[in-house]
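Peer 1: Hey, dropping query.csv in here, CSV, C-alpha atoms and all ligand atoms:
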```csv
chain,number,residue,atom,x,y,z
A,952,MET,CA,19.0,111.6,40.7
A,953,ARG,CA,19.3,115.3,41.6
A,954,ILE,CA,17.4,116.6,44.5
A,955,ILE,CA,16.8,120.3,44.9
A,956,MET,CA,16.4,121.5,48.5
A,957,PRO,CA,14.5,124.7,49.1
A,958,GLN,CA,16.4,127.8,50.5
A,959,SER,CA,14.0,127.7,53.4
A,960,SER,CA,15.6,124.4,54.5
A,961,VAL,CA,19.0,126.2,54.8
A,962,LYS,CA,17.5,129.0,56.8
A,963,SER,CA,15.7,126.6,59.2
A,964,PHE,CA,18.9,124.5,59.5
A,965,TYR,CA,20.9,127.6,60.7
A,966,GLU,CA,18.1,128.9,62.8
A,967,LYS,CA,17.9,125.6,64.7
A,968,ALA,CA,21.7,125.6,65.0
A,969,MET,CA,21.8,129.2,66.4
A,970,LYS,CA,18.8,128.6,68.8
A,971,ASN,CA,20.4,125.5,70.3
A,972,ARG,CA,24.0,126.6,70.0
A,973,ILE,CA,24.7,123.5,68.0
A,974,SER,CA,28.2,123.5,66.4
A,975,THR,CA,27.5,122.2,62.9
A,976,GLN,CA,30.0,120.5,60.6
A,977,GLU,CA,31.3,123.9,59.6
A,978,ASN,CA,31.9,124.6,63.3
A,979,LEU,CA,29.8,127.7,63.7
A,980,LEU,CA,30.9,128.3,67.3
A,981,ALA,CA,34.6,128.3,66.4
A,982,PRO,CA,36.7,131.3,67.2
A,983,VAL,CA,37.6,133.6,64.3
A,984,THR,CA,40.4,132.4,62.0
A,985,MET,CA,44.0,133.4,62.3
A,986,ASP,CA,43.7,134.9,58.7
A,987,PHE,CA,40.9,137.1,59.9
A,988,LEU,CA,42.9,138.2,63.0
A,989,LYS,CA,45.8,139.1,60.7
A,990,VAL,CA,43.4,141.3,58.6
A,991,LEU,CA,42.2,143.1,61.8
A,992,SER,CA,45.8,143.6,63.0
A,993,ASN,CA,46.2,146.2,60.2
A,994,PHE,CA,44.0,148.4,62.3
A,995,PRO,CA,45.5,149.6,65.7
A,996,ASN,CA,41.8,150.2,66.7
A,997,GLY,CA,38.5,150.4,64.8
A,998,ILE,CA,37.1,153.5,66.5
A,999,GLY,CA,35.4,155.7,63.9
A,1000,LEU,CA,35.6,152.8,61.3
A,1001,ARG,CA,32.8,150.8,59.8
A,1002,ALA,CA,32.6,147.1,59.0
A,1003,ILE,CA,30.0,144.7,57.6
A,1004,ASP,CA,29.6,141.0,58.3
A,1005,LEU,CA,27.4,139.3,55.6
A,1006,GLY,CA,25.9,136.0,57.0
A,1007,TYR,CA,27.1,136.6,60.6
A,1008,GLY,CA,25.8,133.2,61.9
A,1009,TYR,CA,26.7,132.9,65.6
A,1010,GLY,CA,28.3,136.3,65.4
A,1011,ASN,CA,31.9,135.8,66.4
A,1012,TYR,CA,33.3,137.9,63.5
A,1013,SER,CA,31.0,140.8,64.3
A,1014,ILE,CA,31.8,140.6,67.9
A,1015,GLU,CA,35.6,140.5,67.3
A,1016,MET,CA,35.3,143.7,65.2
A,1017,ALA,CA,33.0,145.5,67.7
A,1018,GLN,CA,35.5,144.7,70.5
A,1019,LYS,CA,38.1,146.4,68.4
A,1020,GLY,CA,35.9,149.5,68.2
A,1021,PHE,CA,34.4,149.1,64.7
A,1022,GLN,CA,30.8,150.1,64.1
A,1023,VAL,CA,29.5,146.8,62.6
A,1024,THR,CA,26.5,146.0,60.4
A,1025,ALA,CA,25.7,142.3,60.8
A,1026,VAL,CA,23.3,140.8,58.2
A,1027,ASP,CA,21.7,137.3,58.2
A,1028,TYR,CA,18.3,135.9,57.5
A,1029,VAL,CA,18.1,133.9,60.8
A,1030,LYS,CA,15.9,135.5,63.5
A,1031,ARG,CA,17.8,138.4,65.1
A,1032,ASP,CA,16.8,137.4,68.7
A,1033,TYR,CA,19.5,134.8,69.0
A,1034,PHE,CA,22.2,137.3,68.4
A,1035,GLU,CA,20.5,140.1,70.4
A,1036,LYS,CA,20.2,137.7,73.3
A,1037,ARG,CA,23.9,136.9,73.0
A,1038,LEU,CA,24.9,140.6,73.0
A,1039,GLY,CA,22.5,141.4,75.8
A,1040,ASP,CA,22.9,144.7,77.4
A,1041,THR,CA,26.7,144.9,76.9
A,1042,VAL,CA,28.4,147.8,75.3
A,1043,LEU,CA,28.8,145.7,72.2
A,1044,SER,CA,25.1,145.8,71.5
A,1045,GLY,CA,25.5,149.5,70.7
A,1046,LYS,CA,28.3,148.8,68.3
A,1047,ILE,CA,26.5,146.1,66.2
A,1048,THR,CA,23.5,146.9,64.0
A,1049,ILE,CA,21.7,143.6,63.3
A,1050,ILE,CA,19.8,143.4,60.0
A,1051,GLU,CA,17.5,140.4,59.6
A,1052,ARG,CA,17.3,140.1,55.8
A,1053,ASP,CA,17.8,137.6,53.0
A,1054,LEU,CA,21.1,138.7,51.4
A,1055,ASN,CA,19.5,138.0,48.0
A,1056,ILE,CA,17.5,141.2,48.5
A,1057,PHE,CA,20.1,143.2,50.5
A,1058,THR,CA,22.1,146.1,49.1
A,1059,PRO,CA,24.9,147.6,51.2
A,1060,GLU,CA,24.4,151.3,51.5
A,1061,GLU,CA,27.3,152.6,53.6
A,1062,ARG,CA,31.1,152.8,53.0
A,1063,TYR,CA,33.1,150.2,54.9
A,1064,ASP,CA,36.7,149.7,56.1
A,1065,VAL,CA,36.3,145.9,56.6
A,1066,VAL,CA,34.0,143.5,54.7
A,1067,VAL,CA,33.6,140.0,56.0
A,1068,SER,CA,31.6,137.2,54.6
A,1069,LYS,CA,32.7,133.7,55.6
A,1070,ASP,CA,31.1,130.5,54.3
A,1071,VAL,CA,28.0,132.4,53.0
A,1072,LEU,CA,28.1,133.7,49.5
A,1073,HIS,CA,27.8,130.3,47.8
A,1074,PHE,CA,24.2,130.1,49.1
A,1075,LEU,CA,23.2,133.2,47.1
A,1076,ARG,CA,22.1,133.6,43.5
A,1077,LYS,CA,25.0,133.9,41.2
A,1078,SER,CA,23.9,137.4,39.9
A,1079,LYS,CA,23.6,138.6,43.5
A,1080,VAL,CA,27.2,137.4,44.4
A,1081,GLU,CA,28.4,139.3,41.3
A,1082,GLU,CA,26.5,142.4,42.3
A,1083,LEU,CA,27.5,142.3,46.0
A,1084,ILE,CA,31.2,141.9,45.2
A,1085,ASN,CA,31.0,144.8,42.7
A,1086,VAL,CA,29.1,147.1,45.1
A,1087,LEU,CA,31.3,146.2,48.1
A,1088,VAL,CA,34.6,146.9,46.2
A,1089,ARG,CA,33.3,150.3,45.2
A,1090,GLN,CA,32.0,151.1,48.7
A,1091,THR,CA,35.2,150.1,50.6
A,1092,ASN,CA,37.4,153.0,51.8
A,1093,LYS,CA,41.0,153.4,50.8
A,1094,ARG,CA,43.2,151.0,52.9
A,1095,GLY,CA,40.1,148.9,53.7
A,1096,TRP,CA,40.1,145.1,53.7
A,1097,HIS,CA,37.9,142.3,52.4
A,1098,TYR,CA,37.9,138.8,54.0
A,1099,LEU,CA,35.8,136.5,52.0
A,1100,VAL,CA,35.6,132.7,52.3
A,1101,ILE,CA,33.5,131.2,49.5
A,1102,PHE,CA,33.0,127.6,48.3
A,1103,THR,CA,33.1,126.7,44.7
A,1104,ASP,CA,32.7,123.5,42.7
A,1105,ILE,CA,30.3,122.2,45.4
A,1106,ARG,CA,29.2,118.5,45.2
A,1107,ARG,CA,26.8,117.2,47.8
A,1108,LYS,CA,25.9,113.5,47.8
A,1109,SER,CA,23.1,111.9,49.9
A,1110,GLY,CA,23.6,108.6,51.6
A,1111,ASP,CA,21.9,106.8,48.7
A,1112,GLY,CA,24.1,108.5,46.1
A,1113,ASN,CA,21.7,111.2,45.0
A,1114,GLU,CA,23.2,114.6,44.1
A,1115,ILE,CA,21.8,117.4,46.3
A,1116,LEU,CA,21.5,121.0,45.1
A,1117,ILE,CA,20.1,124.0,46.9
A,1118,GLU,CA,17.5,126.1,45.1
A,1119,ASN,CA,19.0,129.2,43.4
A,1120,GLU,CA,22.5,128.7,44.9
A,1121,ALA,CA,25.3,130.3,42.9
A,1122,GLN,CA,27.0,127.0,41.8
A,1123,LEU,CA,30.2,128.9,41.1
A,1124,THR,CA,33.2,127.2,39.6
A,1125,ILE,CA,36.7,128.2,40.6
A,1126,GLU,CA,37.1,129.8,37.2
A,1127,ASP,CA,33.8,131.8,37.7
A,1128,LEU,CA,35.1,133.1,41.0
A,1129,LEU,CA,38.6,134.0,39.8
A,1130,ASN,CA,37.1,135.8,36.8
A,1131,LEU,CA,34.8,137.7,39.1
A,1132,ILE,CA,37.8,138.7,41.4
A,1133,ASN,CA,39.9,139.8,38.4
A,1134,PHE,CA,37.1,141.8,37.0
A,1135,ASN,CA,36.4,143.7,40.3
A,1136,TYR,CA,39.5,144.1,42.3
A,1137,HIS,CA,41.5,146.5,40.2
A,1138,ASN,CA,44.4,148.2,42.0
A,1139,TRP,CA,43.8,146.1,45.1
A,1140,LYS,CA,46.4,143.8,46.6
A,1141,VAL,CA,44.7,140.4,46.5
A,1142,ASP,CA,45.7,137.1,48.1
A,1143,ILE,CA,43.8,134.0,47.3
A,1144,LYS,CA,44.1,130.6,48.9
A,1145,VAL,CA,42.3,127.6,47.4
A,1146,GLU,CA,42.0,124.4,49.5
A,1147,PRO,CA,40.1,121.2,48.9
A,1148,TYR,CA,37.4,120.8,51.5
A,1149,GLN,CA,35.2,117.9,52.6
A,1150,GLU,CA,32.5,117.6,55.2
A,1151,LYS,CA,30.7,114.6,56.6
A,1152,ASP,CA,26.9,114.7,56.8
A,1153,ARG,CA,25.1,114.6,60.1
A,1154,SER,CA,25.2,110.8,60.2
A,1155,GLY,CA,29.0,110.8,59.7
A,1156,LYS,CA,29.1,109.8,56.1
A,1157,GLU,CA,32.4,111.0,54.8
A,1158,ASP,CA,31.9,112.7,51.4
A,1159,TYR,CA,28.6,114.5,51.8
A,1160,PHE,CA,30.0,117.8,50.8
A,1161,LYS,CA,33.1,118.4,48.7
A,1162,ALA,CA,34.2,121.7,47.3
A,1163,ASN,CA,37.1,124.1,46.9
A,1164,LYS,CA,37.3,126.5,49.8
A,1165,VAL,CA,38.5,129.9,48.5
A,1166,THR,CA,39.8,132.5,50.9
A,1167,LEU,CA,40.2,136.0,49.5
A,1168,ILE,CA,42.1,138.6,51.5
A,1169,ALA,CA,42.2,141.8,49.7
A,1170,ASN,CA,43.5,145.3,50.5
A,1171,ASN,CA,42.4,148.5,48.8
A,1172,GLN,CA,45.9,149.9,49.2
B,1201,LIG,C1,28.1,128.5,57.4
B,1201,LIG,S1,27.3,129.7,58.2
B,1201,LIG,C2,28.6,130.9,58.5
B,1201,LIG,C3,28.4,131.8,59.6
B,1201,LIG,C4,29.5,132.8,60.0
B,1201,LIG,N1,29.8,133.6,58.8
B,1201,LIG,C5,30.8,132.0,60.4
B,1201,LIG,O1,31.6,131.8,59.6
B,1201,LIG,O2,30.8,131.6,61.5
B,1201,LIG,C6,26.3,130.5,56.9
B,1201,LIG,C7,25.5,131.6,57.4
B,1201,LIG,O3,24.9,132.3,56.2
B,1201,LIG,C8,23.6,132.6,56.5
B,1201,LIG,N2,22.9,132.6,55.2
B,1201,LIG,C9,22.9,131.7,54.2
B,1201,LIG,N3,22.2,132.1,53.1
B,1201,LIG,C10,21.7,133.4,53.5
B,1201,LIG,C11,20.9,134.3,52.8
B,1201,LIG,N4,20.4,134.1,51.6
B,1201,LIG,N5,20.7,135.5,53.4
B,1201,LIG,C12,21.2,135.8,54.6
B,1201,LIG,N6,21.9,134.9,55.3
B,1201,LIG,C13,22.2,133.7,54.7
B,1201,LIG,C14,23.1,131.4,57.3
B,1201,LIG,O4,21.9,131.8,58.0
B,1201,LIG,C15,24.3,131.2,58.3
B,1201,LIG,O5,24.2,132.0,59.4
```
I'd like the structure from this file rewritten - as structure tokens, please.
Ligand SMILES: C[S@@+](CC[C@H](N)C(=O)[O-])C[C@H]1O[C@@H](n2cnc3c(N)ncnc32)[C@H](O)[C@@H]1O
Peer 2:
Amino acid sequence: MRIIMPQSSVKSFYEKAMKNRISTQENLLAPVTMDFLKVLSNFPNGIGLRAIDLGYGYGNYSIEMAQKGFQVTAVDYVKRDYFEKRLGDTVLSGKITIIERDLNIFTPEERYDVVVSKDVLHFLRKSKVEELINVLVRQTNKRGWHYLVIFTDIRRKSGDGNEILIENEAQLTIEDLLNLINFNYHNWKVDIKVEPYQEKDRSGKEDYFKANKVTLIANNQ
């Protein structure tokens, strides 16, 4: 049997995780990855530069960029208060503009030097993933970078063996994603890493979530 979960259940899951600072299976509270730090190391500092973090979650990627001086736009559909509270009155709060919005109805309007979206885009409609990648490639400045981590070929299985899908999720295959990348990233230097990925469910059942985890690091050289 296939069970289709509403998008609202994803939103409430992450809202609960943010509110209670619960580290989910994806380890939301984890520090930023070495790959991402390597991307940022291309910028001696980010003062005067602009970045966007799509699906910021707990906010570590936005904070890392703001600490480097970037002006950051952070978008997620969870309530903004959790992140606002975390930033408090610090100088970082002036560096990060929080937008509380469903990415399915968000269109980036600025030009950016760094674009980050980690473990998020697979939740969106396929047409919106295509549109966002296309728009963000065109709106990234020369020498800018993209750091995207996207799951493809997702299989979720409940304890009783049912297949679980999320309403309107992209359901990208690795071929879909590679085609999308080839189609959009002309004249960029693109590195792609594909890793098999597996997550337990909350009760510890081993193969609840299986997918290919695709990391794209691209430079508009
Ligand atoms: C796995 S977490 C990743 C968080 C963060 N990027 C990180 O790696 O630490 C996925 C995030 O995407 C957000 N998200 C999922 N679907 C979304 C949508 N349609 N619009 C806005 N945010 C969404 C969730 O609220 C959650 O914060």
Peer 1: Counting only C-alpha atoms and all ligand atoms, what residues are within 7 Å of ligand LIG 1201 (chain B), given as a list in words?
Peer 2: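 Within the 7 Å cut-off, the matching residues are Val961, Lys962, Tyr965, Glu966, Glu977, Leu979, Leu980, Leu1005, Gly1006, Tyr1007, Gly1008, Tyr1009, Gly1010, Asn1011, Val1026, Asp1027, Tyr1028, Val1029, Arg1052, Asp1053, Leu1054, Asn1055, Ser1068, Lys1069, Asp1070, Val1071, Phe1074 and Leu1075 of chain A.
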Peer 1: Work out how far CA of Pro982 (chain A) is from CA of Gln1149 (chain A), in Å to one decimal.
Peer 2: 19.9 Å
Peer 1: Between A:His1097, A:Lys970, A:Arg1001, A:Lys1079, single out the one closest to Arg1037 (chain A), counting only C-alpha atoms.
Peer 2: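 Ranked by minimum distance to Arg1037 (chain A), first place goes to A:Lys970.
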Peer 1: Determine, counting only C-alpha atoms, which protein, DNA and RNA residues have an atom within 10 Å of an atom of Lys1144 (chain A); residues of the same chain fewer than 6 positions away are not included. Present the result as a list of chain:residue names.
Peer 2: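 Listed by chain and then number, they are A:Val1100, A:Asn1163, A:Lys1164, A:Val1165, A:Thr1166, A:Leu1167, A:Ile1168.
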Peer 1: Determine the nearest neighbour of Lys1093 (chain A) from the options A:Leu1000, A:Ile973, A:Leu1128, A:Val1145, counting all atoms listed in the file.
Peer 2: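 Comparing A:Leu1000, A:Ile973, A:Leu1128, A:Val1145 against Lys1093 (chain A), the winner is A:Leu1000.
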Peer 1: Please identify all polymer residues within 12 Å of Gln1122 (chain A), counting only C-alpha atoms, omitting same-chain residues fewer than 4 positions from it, and present them as a ChimeraX atom specification.
Peer 2: /A:1072-1078,1080,1101-1107,1115-1118,1126-1128,1162-1163
Peer 1: At a cut-off of 9 Å, using only C-alpha atoms, what residues contact Ser1044 (chain A)? Leave out same-chain residues fewer than 5 positions from it and give the result as a ChimeraX atom specification.
Peer 2: /A:1017,1035,1038-1039
Peer 1: For CA of Gly1020 (chain A) and CA of Lys1046 (chain A), quote the distance in Å rounded to one decimal.
Peer 2: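 Rounded to one decimal, the two atoms are 7.6 Å apart.
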Peer 1: Calculated over only C-alpha atoms, which of the candidates A:Tyr1159, A:Ile1014, A:Gly1110, A:Asn978 has the smallest distance to Thr1041 (chain A)?
Peer 2: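 The closest residue to Thr1041 (chain A) is A:Ile1014.
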Peer 1: Between A:Tyr1012, A:Tyr1148, A:Phe1134, A:Phe1160, which has the minimum distance to Glu1114 (chain A) (counting all atoms listed in the file)?
Peer 2: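 Closest to Glu1114 (chain A) of all the choices is A:Phe1160.
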Peer 1: Name the residues in contact with Gly1095 (chain A) at a cut-off of 6 Å, using only C-alpha atoms, excluding same-chain residues fewer than 5 positions from it; report them as a count of residues only.
Peer 2: 4
Peer 1: Write out as a VMD selection string which residues come within 12 Å of Arg1089 (chain A) when counting all atoms listed in the file, dropping same-chain ones fewer than 4 positions away.
Peer 2: chain A and resid 1059 to 1064 1066 1082 to 1085 1093 1095 1097 1135 to 1139 1171
Peer 1: Which residue, A:Gly997, A:Lys1161, A:Ser1013, A:Tyr1098, has the smallest gap to Met985 (chain A) when you use all atoms listed in the file?
Peer 2: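 Nearest candidate to Met985 (chain A) out of A:Gly997, A:Lys1161, A:Ser1013, A:Tyr1098: A:Tyr1098.
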Peer 1: If you measure from CA of Ile1003 (chain A) to CA of Thr1024 (chain A), what distance in Å do you get, rounded to one decimal?
Peer 2: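 Value for the CA of Ile1003 (chain A)-CA of Thr1024 (chain A) distance: 4.7 Å.
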Peer 1: Name the closest residue to Val983 (chain A) among the candidates A:Asn971, A:Glu1015, A:Ala1169, A:Leu1123; distances are taken between atoms, counting all atoms listed in the file.
Peer 2: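 Closest to Val983 (chain A) of all the choices is A:Glu1015.
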